[in-house]
Structure formats: C-alpha cells, structure tokens
Amino acid sequence: MADAAETGRPAFPPEFLWGCATSAYQIEGSPLADGAGVSNWHRFTHTPGRVRDGDTGDVACDHYRRWREDVALMRALGLRAYRFSIAWSRVLPAGRGRVNPQGIAFYDRLVDALLENGIRPMVTLYHWDLPAALDDRGGWLNPDMAGWFADYAQSVFRRLDDRVESWTTLNEPWVVSDGGYLHGVLAPGHRSLHEPPVVAHNLLRAHGAAVQAYRAEGRNRIGIVVNLEPKYPATQHPEDLAAAARADAYMNRQFLDPVFLGRYPDELREVFGDAWPDWPQDDFALIRQPVDFVGINYYTRSVTRHDPHAWPLRASGVPQKHATRTETGWEVFPQGLTDALMWVSERYHRPPIYITENGAAFYDPPTAANGRIEDPLRTAYLRAHLRAAQAALRRGADLRGYFVWSLLDNFEWAHGYAKRFGIVHVDYATQQRTPKDSARFYADVIATHGAALAAEIRGAG
Ligand code: BGC
C-alpha cells in the first residue's frame, strides 16, 4: 500500500492516538482469581436465562493469563494506545475498604508492559462490572455509590497515575441505566421506570466525585465516555420532531448536558413523568466538574418516529430499507459519526474528543487455507468511519484519537460469544488469536497516519 510520502499529506495529525479498546469482564476470564470479589456480571451470567446460550465471562479470552501475548499482538499491529477497564472487584473485593494487592498488581504489570512496548494506556474505571457486595447495598440506586466510587478511583489513581496519562470514569452510563434498570437486559436486570433516573443521577454524581478526587492528587487527564446515536426525525411532522427530541435527550444529552451545562434536558420530565424526581441543585455543582476530554462511542444512528406504544419514550426507530446492517442489526451510517462529533463540538464548546469505541460485529468466514480471515465488511466499516472522523477534523472538531472496538472477539454481554467485534479473531476452544484482514488494514492506517485514506478522500473530491 502507498505510504505517506507517495500520497502526500497524511489524513490525520502525527500526534493522533491510534488504539483499540476492550473491557475487563469481556476479555479477562478468571473472575475470582487471586482474591477477587464476585461482580454483578458474574452473578448475572450465572443466572439461567440471562445470557444467550448460558455463556459467561468465566474464561472469555483468558486475557488475565495471556496478557503478555496480547500486548505483543498490540505491538505487532503498531497500536499507539490501548483502552482497557479495571475490574473494581479485583481491586476492592468487597467494593470498598480493603485493597486486594494481587488485584491491583495485575493492572500494574499490564501498564508497565504496555509502556515498555510504546503503547499508551487509557484506563476506564467502570465498564459495567460492579462488585456484588455493592449491588447488595442497592448498587447504583444507593446515593453512597458516589463516595464509594471516588474511594475506589483514588486507590487506583494512587497506584497507576504515575504511568497512566488518560483516565475515564464511566463507560456509557446510559447503557447502565437503560439496559440494567429500565429494560433489564443487562446486569443487574431490573425493569423499572422509577429506577433509571436515580441510577443515572448517581452515576453522574459518582463521575463528579471521582473527577474531584483526581484533581486533588492526579497529574494527568480525566474524562467520561458516552455512547452517542444521532436521532434523525423520520418526517418533519411535529410529532416525529418531538419524538426525535425525546430520544435525543434520553440517549445523547442525559449525561453530557449535566457534565458540561449543569442541567438535565427538559424532555426527560416528559419521558419519565411522575418518575422524574426534583434534584437538589447542589448535585449539579458536583456533577459539573471540568473534564479534560470526552470519549465518544459511536456505532449507529436512528431515524426516529412518534410511536405511542414504545415504552417509555413514545419514540421508535424506523428501519431504513436499503441500509447495510451489522450482525447486531445496527445500520451502518458513517455520516452519523461526523454529525455526532460536530454536535458535541458545537454544543459543548469544542472539548478535546477521542472516539473511544467504533467497530462492528460481522460474520467471519473460517480461516482460509493461507491462514487469513477475510472480513471485508468490517474493513469497509472501519474505512468509512475513519473517513467520517477525518471529515469532522477538517470541519474543526478537536479530535485527538480513535479506538477500534475491539481488539479481540469477546464476551458481548447478553449476546454471549455469538457476536464478534474483534479485528483479531479468537478461537474460544484453543484461545488462538488470528489477526483478521481488518487488523491488517488498521495496522496500515496507523503506520501511514491514514495516508491511503487521504488519497481516497482527495479522489472523492
Ligand atoms: C460497549 C461495549 C460493547 C460494544 C458493542 C459498547 O456499548 O462499551 O462493551 O461490547 O458497545 O456492543
């Protein structure tokens, strides 16, 4: 493939951070090893009927034992950064109180190995796996969670901040409240209208408290990660416009507005009705801590219409006829990434942004005779979204980096192992890792700073 010199200007700045992302419960396995406590996800997966095929994270990608091999793999791909999460229940088996030295030592070794290989760690403190002991105390419904989370965060900062430059508090708090407490498809599996606003609020307070703890002694940068899905009204009919606004407030503004603007969007009162509490004004001072950057996870968009039967939003997505869909049924819509980036940039006064997740589950063919795994749909997805990211850069978004979801095929929550998002294939029977063609493509993008993409973009005029 052509290099930067041949094709001219690379599509991305030299300091752009290229990475892959994973999360603890999805890849580590060995959930109870070395004194770790039980997590809510361990419980959830061991409850019959919760996860497809009864899959659990007991082994997953066995990363807890194979991390050296995985770091070597990252190096071979030329990754400049790696986003991973810490299992709270390894560090604090009961969620608070005693630190488990072996638990934190695992991440300590991982951070060292990454740095030795020239890979910068970006650490997520909470990617959905909560110590079960805290779930027993009400989990995110308990207002004390903010303090417990900040204490946990502080233990981790003290141990790793001398080497970790980028921290994020929460991964996709919307999914925690929506999947875990509204629809009950994710741990802890509640189905309630009254709980999600409380959960969301406590997540935000926990985020604020952890940022405060970081400012007290941290020396680097901290942010939050949200998933954004632009909501385009299906028609210009006032009912569809209002439905799209409700959906947007619920999914896209519910977390960023309080963090950046110190208030919730008005539409949430309409969505939750009597279940929407009046919040103490002081809470917003805690939530609205200045952050150093925002992480955006982008997968798809929604074309939204008014739907009186859709609980509780009264809004639903309209399937687009000729669209390509991934194996999770999500429409491939790269323009939505540009739109999401520009929207954040404009609404929240141009914060530094990382695309902390982007990727797709597609069916992978069996390994070919020449050892290759050909995944052209995933490669096309990544290529198109990188171009969309580049378009936002050109339009002035302060975009600093991009992380593919995911490095490895892994445990896809309620779908178990049925959906493969990795650019590296994992044979779960042997734990053999095989880079797919999309990994080769991505390695090439990294090595040339997207020079080939730049040439394509110029070619497209
Ligand atoms: C999550 C990941 C998940 C991915 C694909 C994001 O919502 O952060 O944990 O695997 O999307 O569904």
# chains A, B, ... in the order shown; residues from 1 in each chain; ligands from 1
call {"tool": "select_by_dssp", "arguments": {"residues": "stretch 10-205 of chain A", "states": "alpha helix (DSSP H)", "output": "number ranges by chain"}}
result
A: 24-27, 40-45, 63-77, 88-91, 101-116, 132-135, 145-160, 173-177, 195-205
call {"tool": "residues_near_ligand", "arguments": {"ligand": "ligand 1", "cutoff": "8 Å", "atoms": "only C-alpha atoms and all ligand atoms", "output": "list in words"}}
result
Thr22, Ser23, Gln26, His127, Asn171, Glu172, Val175, Asn227, Asn297, Tyr299, Thr328, Glu357, Gly359, Ala360, Ala361, Trp405, Ser406, Asn410, Phe411, Glu412, Trp413 and Phe421 of chain A
call {"tool": "write_last_selection", "arguments": {"atoms": "N, CA, C and O atoms", "output": "mmCIF file, in the first residue's frame"}}
result
data_model
loop_
_atom_site.group_PDB
_atom_site.id
_atom_site.type_symbol
_atom_site.label_atom_id
_atom_site.label_comp_id
_atom_site.auth_asym_id
_atom_site.auth_seq_id
_atom_site.Cartn_x
_atom_site.Cartn_y
_atom_site.Cartn_z
ATOM 1 N N THR A 22 -10.986 -2.484 24.865
ATOM 2 C CA THR A 22 -11.583 -3.719 25.408
ATOM 3 C C THR A 22 -12.184 -3.356 26.773
ATOM 4 O O THR A 22 -12.057 -2.223 27.214
ATOM 5 N N SER A 23 -12.797 -4.332 27.433
ATOM 6 C CA SER A 23 -13.174 -4.110 28.835
ATOM 7 C C SER A 23 -12.928 -5.378 29.633
ATOM 8 O O SER A 23 -12.891 -6.484 29.076
ATOM 9 N N GLN A 26 -15.294 -8.493 29.643
ATOM 10 C CA GLN A 26 -15.462 -9.067 28.307
ATOM 11 C C GLN A 26 -14.267 -9.898 27.841
ATOM 12 O O GLN A 26 -14.412 -10.715 26.943
ATOM 13 N N HIS A 127 -16.523 -0.128 33.612
ATOM 14 C CA HIS A 127 -17.129 -0.615 32.370
ATOM 15 C C HIS A 127 -18.119 -1.722 32.748
ATOM 16 O O HIS A 127 -17.965 -2.871 32.354
ATOM 17 N N ASN A 171 -17.883 4.175 31.549
ATOM 18 C CA ASN A 171 -18.153 3.850 30.154
ATOM 19 C C ASN A 171 -19.666 3.768 29.951
ATOM 20 O O ASN A 171 -20.347 2.966 30.595
ATOM 21 N N GLU A 172 -20.174 4.603 29.057
ATOM 22 C CA GLU A 172 -21.577 4.543 28.635
ATOM 23 C C GLU A 172 -22.562 4.438 29.796
ATOM 24 O O GLU A 172 -23.282 3.422 29.911
ATOM 25 N N VAL A 175 -26.098 3.172 29.018
ATOM 26 C CA VAL A 175 -26.373 1.739 28.871
ATOM 27 C C VAL A 175 -26.589 1.094 30.243
ATOM 28 O O VAL A 175 -27.434 0.213 30.407
ATOM 29 N N ASN A 227 -21.967 6.910 24.884
ATOM 30 C CA ASN A 227 -22.315 6.402 23.552
ATOM 31 C C ASN A 227 -23.319 7.375 22.932
ATOM 32 O O ASN A 227 -24.280 7.761 23.585
ATOM 33 N N ASN A 297 -18.379 6.893 22.010
ATOM 34 C CA ASN A 297 -18.519 5.585 21.375
ATOM 35 C C ASN A 297 -19.612 5.719 20.327
ATOM 36 O O ASN A 297 -20.730 6.137 20.642
ATOM 37 N N TYR A 299 -21.625 3.775 17.085
ATOM 38 C CA TYR A 299 -21.880 2.563 16.299
ATOM 39 C C TYR A 299 -22.896 2.789 15.185
ATOM 40 O O TYR A 299 -22.738 2.282 14.085
ATOM 41 N N THR A 328 -25.448 -7.169 14.719
ATOM 42 C CA THR A 328 -26.280 -6.769 15.846
ATOM 43 C C THR A 328 -27.517 -6.024 15.349
ATOM 44 O O THR A 328 -28.297 -5.504 16.147
ATOM 45 N N GLU A 357 -14.722 4.224 21.088
ATOM 46 C CA GLU A 357 -15.156 2.941 20.517
ATOM 47 C C GLU A 357 -15.802 3.189 19.172
ATOM 48 O O GLU A 357 -16.589 4.125 19.013
ATOM 49 N N GLY A 359 -16.781 0.246 15.800
ATOM 50 C CA GLY A 359 -16.488 -1.059 15.224
ATOM 51 C C GLY A 359 -17.779 -1.791 14.915
ATOM 52 O O GLY A 359 -18.872 -1.237 15.073
ATOM 53 N N ALA A 360 -17.666 -3.031 14.468
ATOM 54 C CA ALA A 360 -18.858 -3.734 14.014
ATOM 55 C C ALA A 360 -18.726 -5.235 14.190
ATOM 56 O O ALA A 360 -17.650 -5.811 14.010
ATOM 57 N N ALA A 361 -19.861 -5.869 14.529
ATOM 58 C CA ALA A 361 -19.930 -7.326 14.552
ATOM 59 C C ALA A 361 -20.383 -7.786 13.166
ATOM 60 O O ALA A 361 -21.421 -7.334 12.673
ATOM 61 N N TRP A 405 -13.320 -0.728 18.488
ATOM 62 C CA TRP A 405 -13.922 -1.769 19.311
ATOM 63 C C TRP A 405 -14.109 -2.960 18.398
ATOM 64 O O TRP A 405 -14.902 -2.864 17.477
ATOM 65 N N SER A 406 -13.329 -4.002 18.572
ATOM 66 C CA SER A 406 -12.499 -4.259 19.711
ATOM 67 C C SER A 406 -11.221 -4.923 19.229
ATOM 68 O O SER A 406 -11.150 -5.403 18.102
ATOM 69 N N ASN A 410 -14.897 -10.990 21.715
ATOM 70 C CA ASN A 410 -15.021 -11.162 23.165
ATOM 71 C C ASN A 410 -16.459 -11.395 23.603
ATOM 72 O O ASN A 410 -17.357 -11.548 22.773
ATOM 73 N N PHE A 411 -16.662 -11.389 24.910
ATOM 74 C CA PHE A 411 -17.976 -11.639 25.505
ATOM 75 C C PHE A 411 -18.866 -10.419 25.275
ATOM 76 O O PHE A 411 -18.636 -9.371 25.882
ATOM 77 N N GLU A 412 -19.842 -10.561 24.398
ATOM 78 C CA GLU A 412 -20.680 -9.422 24.022
ATOM 79 C C GLU A 412 -21.952 -9.398 24.893
ATOM 80 O O GLU A 412 -23.076 -9.517 24.419
ATOM 81 N N TRP A 413 -21.752 -9.296 26.198
ATOM 82 C CA TRP A 413 -22.827 -9.092 27.168
ATOM 83 C C TRP A 413 -23.986 -10.083 26.956
ATOM 84 O O TRP A 413 -23.725 -11.280 26.893
ATOM 85 N N PHE A 421 -16.803 -8.791 17.442
ATOM 86 C CA PHE A 421 -16.432 -7.407 17.125
ATOM 87 C C PHE A 421 -14.923 -7.261 16.887
ATOM 88 O O PHE A 421 -14.449 -6.173 16.578
#
call {"tool": "closest_atom_pairs", "arguments": {"of": "stretch 251-284 of chain A", "to": "stretch 206-215 of chain A", "cutoff": "12 Å", "atoms": "only C-alpha atoms", "output": "CSV"}}
result
residue,atom,partner,partner_atom,distance
A:Phe255,CA,A:His207,CA,10.3
A:Leu256,CA,A:His207,CA,11.6
A:Pro258,CA,A:Gly208,CA,10.2
A:Val259,CA,A:Gly208,CA,8.2
A:Phe260,CA,A:Gly208,CA,11.3
A:Gly262,CA,A:Gly208,CA,11.3
A:Asp282,CA,A:Gly208,CA,11.9
A:Asp283,CA,A:Gly208,CA,9.2
A:Phe284,CA,A:Gly208,CA,9.0
call {"tool": "write_last_selection", "arguments": {"atoms": "N, CA, C and O atoms", "output": "PDB file, in the first residue's frame"}}
result
ATOM      1  N   PHE A 255     -26.525  12.673  29.804  1.00  0.00           N
ATOM      2  CA  PHE A 255     -25.291  12.659  30.583  1.00  0.00           C
ATOM      3  C   PHE A 255     -24.384  13.848  30.265  1.00  0.00           C
ATOM      4  O   PHE A 255     -23.768  14.416  31.159  1.00  0.00           O
ATOM      5  N   LEU A 256     -24.313  14.228  29.001  1.00  0.00           N
ATOM      6  CA  LEU A 256     -23.393  15.320  28.657  1.00  0.00           C
ATOM      7  C   LEU A 256     -23.913  16.678  29.105  1.00  0.00           C
ATOM      8  O   LEU A 256     -23.124  17.539  29.506  1.00  0.00           O
ATOM      9  N   PRO A 258     -25.660  17.539  31.879  1.00  0.00           N
ATOM     10  CA  PRO A 258     -25.275  17.808  33.272  1.00  0.00           C
ATOM     11  C   PRO A 258     -23.765  18.026  33.442  1.00  0.00           C
ATOM     12  O   PRO A 258     -23.355  18.909  34.186  1.00  0.00           O
ATOM     13  N   VAL A 259     -22.941  17.232  32.727  1.00  0.00           N
ATOM     14  CA  VAL A 259     -21.491  17.360  32.892  1.00  0.00           C
ATOM     15  C   VAL A 259     -21.004  18.714  32.361  1.00  0.00           C
ATOM     16  O   VAL A 259     -20.187  19.378  32.990  1.00  0.00           O
ATOM     17  N   PHE A 260     -21.505  19.117  31.205  1.00  0.00           N
ATOM     18  CA  PHE A 260     -20.980  20.355  30.597  1.00  0.00           C
ATOM     19  C   PHE A 260     -21.821  21.592  30.910  1.00  0.00           C
ATOM     20  O   PHE A 260     -21.302  22.695  30.939  1.00  0.00           O
ATOM     21  N   GLY A 262     -24.495  21.594  33.421  1.00  0.00           N
ATOM     22  CA  GLY A 262     -25.032  21.633  34.790  1.00  0.00           C
ATOM     23  C   GLY A 262     -26.539  21.509  34.874  1.00  0.00           C
ATOM     24  O   GLY A 262     -27.150  21.989  35.830  1.00  0.00           O
ATOM     25  N   ASP A 282     -27.524  21.486  44.426  1.00  0.00           N
ATOM     26  CA  ASP A 282     -26.102  21.285  44.782  1.00  0.00           C
ATOM     27  C   ASP A 282     -25.465  20.133  44.019  1.00  0.00           C
ATOM     28  O   ASP A 282     -24.263  20.120  43.774  1.00  0.00           O
ATOM     29  N   ASP A 283     -26.271  19.135  43.695  1.00  0.00           N
ATOM     30  CA  ASP A 283     -25.721  17.973  42.990  1.00  0.00           C
ATOM     31  C   ASP A 283     -25.073  18.381  41.667  1.00  0.00           C
ATOM     32  O   ASP A 283     -24.107  17.766  41.225  1.00  0.00           O
ATOM     33  N   PHE A 284     -25.625  19.415  41.043  1.00  0.00           N
ATOM     34  CA  PHE A 284     -25.091  19.785  39.727  1.00  0.00           C
ATOM     35  C   PHE A 284     -23.705  20.422  39.837  1.00  0.00           C
ATOM     36  O   PHE A 284     -22.913  20.346  38.910  1.00  0.00           O
TER      37      PHE A 284
END
call {"tool": "closest_atom_pairs", "arguments": {"of": "stretch 156-246 of chain A", "to": "stretch 103-112 of chain A", "cutoff": "10 Å", "atoms": "only C-alpha atoms", "output": "CSV"}}
result
residue,atom,partner,partner_atom,distance
A:Val156,CA,A:Ile104,CA,7.6
A:Arg159,CA,A:Asp108,CA,7.6
A:Leu160,CA,A:Asp108,CA,6.7
A:Arg163,CA,A:Val111,CA,7.3
A:Val164,CA,A:Val111,CA,7.5
call {"tool": "write_last_selection", "arguments": {"atoms": "all heavy atoms", "output": "short mmCIF file (atom, residue, chain, number, x, y, z; two decimals), in the first residue's frame"}}
result
data_model
loop_
_atom_site.label_atom_id
_atom_site.label_comp_id
_atom_site.auth_asym_id
_atom_site.auth_seq_id
_atom_site.Cartn_x
_atom_site.Cartn_y
_atom_site.Cartn_z
N VAL A 156 -6.92 3.47 42.82
CA VAL A 156 -6.32 3.14 41.53
C VAL A 156 -5.41 4.29 41.06
O VAL A 156 -4.29 4.05 40.60
CB VAL A 156 -7.42 2.83 40.48
CG1 VAL A 156 -6.80 2.50 39.14
CG2 VAL A 156 -8.30 1.67 40.95
N ARG A 159 -2.02 4.26 42.63
CA ARG A 159 -1.12 3.21 42.19
C ARG A 159 -0.63 3.41 40.75
O ARG A 159 0.49 3.07 40.41
CB ARG A 159 -1.84 1.86 42.32
CG ARG A 159 -1.03 0.67 41.98
CD ARG A 159 0.14 0.47 42.97
NE ARG A 159 0.88 -0.71 42.59
CZ ARG A 159 0.73 -1.91 43.14
NH1 ARG A 159 -0.10 -2.06 44.16
NH2 ARG A 159 1.43 -2.93 42.71
N LEU A 160 -1.48 3.98 39.89
CA LEU A 160 -1.14 3.96 38.45
C LEU A 160 -0.94 5.34 37.79
O LEU A 160 -0.47 5.41 36.66
CB LEU A 160 -2.22 3.20 37.67
CG LEU A 160 -2.49 1.75 38.07
CD1 LEU A 160 -3.60 1.16 37.20
CD2 LEU A 160 -1.23 0.90 37.94
N ARG A 163 1.96 6.52 35.70
CA ARG A 163 2.22 5.99 34.36
C ARG A 163 1.03 6.09 33.41
O ARG A 163 1.20 5.94 32.20
CB ARG A 163 2.66 4.52 34.47
CG ARG A 163 4.09 4.35 34.97
CD ARG A 163 4.28 3.00 35.64
NE ARG A 163 3.51 2.94 36.86
CZ ARG A 163 3.03 1.83 37.41
NH1 ARG A 163 3.23 0.68 36.82
NH2 ARG A 163 2.33 1.87 38.52
N VAL A 164 -0.15 6.30 33.94
CA VAL A 164 -1.34 6.39 33.06
C VAL A 164 -1.65 7.86 32.79
O VAL A 164 -1.88 8.62 33.73
CB VAL A 164 -2.55 5.69 33.72
CG1 VAL A 164 -3.83 5.95 32.92
CG2 VAL A 164 -2.30 4.19 33.83
#
call {"tool": "residues_around", "arguments": {"residues": "A:Gly54", "least_positions_apart": "2", "cutoff": "12 Å", "atoms": "only C-alpha atoms", "output": "VMD selection string"}}
result
chain A and resid 42 44 to 52 56 to 58 411 413 to 418
call {"tool": "residues_around", "arguments": {"residues": "stretch 430-443 of chain A", "least_positions_apart": "3", "cutoff": "9 Å", "atoms": "only C-alpha atoms", "output": "PyMOL selection string"}}
result
chain A and resi 61-62+70+73+76-79+364+367+371-380+382-383+404+407-408+422-427+446-448
call {"tool": "residues_around", "arguments": {"residues": "A:Asp240", "least_positions_apart": "2", "cutoff": "12 Å", "atoms": "only C-alpha atoms", "output": "ChimeraX atom specification"}}
result
/A:231-238,242-247,303-308,313-318
call {"tool": "closest_atom_pairs", "arguments": {"of": "stretch 246-338 of chain A", "to": "stretch 196-201 of chain A", "cutoff": "8 Å", "atoms": "only C-alpha atoms", "output": "tab-separated table"}}
result
residue	atom	partner	partner_atom	distance
A:Phe255	CA	A:Ala200	CA	7.8
A:Ala275	CA	A:Pro197	CA	7.7
A:Trp276	CA	A:Pro197	CA	6.5
A:Pro277	CA	A:Pro197	CA	7.7
call {"tool": "write_last_selection", "arguments": {"atoms": "all heavy atoms", "output": "PDB file, in the first residue's frame"}}
result
ATOM      1  N   PHE A 255     -26.525  12.673  29.804  1.00  0.00           N
ATOM      2  CA  PHE A 255     -25.291  12.659  30.583  1.00  0.00           C
ATOM      3  C   PHE A 255     -24.384  13.848  30.265  1.00  0.00           C
ATOM      4  O   PHE A 255     -23.768  14.416  31.159  1.00  0.00           O
ATOM      5  CB  PHE A 255     -24.572  11.317  30.391  1.00  0.00           C
ATOM      6  CG  PHE A 255     -25.371  10.200  31.010  1.00  0.00           C
ATOM      7  CD1 PHE A 255     -26.363   9.532  30.289  1.00  0.00           C
ATOM      8  CD2 PHE A 255     -25.205   9.877  32.348  1.00  0.00           C
ATOM      9  CE1 PHE A 255     -27.148   8.558  30.884  1.00  0.00           C
ATOM     10  CE2 PHE A 255     -25.985   8.898  32.950  1.00  0.00           C
ATOM     11  CZ  PHE A 255     -26.961   8.236  32.219  1.00  0.00           C
ATOM     12  N   ALA A 275     -42.124   9.684  37.525  1.00  0.00           N
ATOM     13  CA  ALA A 275     -40.912   9.000  37.995  1.00  0.00           C
ATOM     14  C   ALA A 275     -39.689   9.924  37.946  1.00  0.00           C
ATOM     15  O   ALA A 275     -38.597   9.521  38.343  1.00  0.00           O
ATOM     16  CB  ALA A 275     -40.652   7.756  37.141  1.00  0.00           C
ATOM     17  N   TRP A 276     -39.870  11.130  37.441  1.00  0.00           N
ATOM     18  CA  TRP A 276     -38.719  12.058  37.358  1.00  0.00           C
ATOM     19  C   TRP A 276     -38.642  12.886  38.640  1.00  0.00           C
ATOM     20  O   TRP A 276     -39.516  13.697  38.914  1.00  0.00           O
ATOM     21  CB  TRP A 276     -38.888  12.973  36.133  1.00  0.00           C
ATOM     22  CG  TRP A 276     -37.709  13.873  35.934  1.00  0.00           C
ATOM     23  CD1 TRP A 276     -37.653  15.213  36.171  1.00  0.00           C
ATOM     24  CD2 TRP A 276     -36.413  13.492  35.466  1.00  0.00           C
ATOM     25  NE1 TRP A 276     -36.407  15.697  35.895  1.00  0.00           N
ATOM     26  CE2 TRP A 276     -35.612  14.659  35.460  1.00  0.00           C
ATOM     27  CE3 TRP A 276     -35.834  12.277  35.076  1.00  0.00           C
ATOM     28  CZ2 TRP A 276     -34.276  14.644  35.059  1.00  0.00           C
ATOM     29  CZ3 TRP A 276     -34.502  12.270  34.673  1.00  0.00           C
ATOM     30  CH2 TRP A 276     -33.746  13.434  34.666  1.00  0.00           C
ATOM     31  N   PRO A 277     -37.580  12.682  39.428  1.00  0.00           N
ATOM     32  CA  PRO A 277     -37.507  13.409  40.708  1.00  0.00           C
ATOM     33  C   PRO A 277     -37.080  14.871  40.534  1.00  0.00           C
ATOM     34  O   PRO A 277     -36.552  15.241  39.488  1.00  0.00           O
ATOM     35  CB  PRO A 277     -36.401  12.654  41.465  1.00  0.00           C
ATOM     36  CG  PRO A 277     -36.064  11.454  40.658  1.00  0.00           C
ATOM     37  CD  PRO A 277     -36.477  11.736  39.247  1.00  0.00           C
TER      38      PRO A 277
END
call {"tool": "closest_residue", "arguments": {"among": "A:Val99, A:Leu228, A:Ala113, A:Ala285", "to": "A:Arg205", "atoms": "only C-alpha atoms"}}
result
A:Ala285
call {"tool": "atom_distance", "arguments": {"atom1": "atom CA of A:Trp18", "atom2": "atom CA of A:Ile353"}}
result
13.1 Å
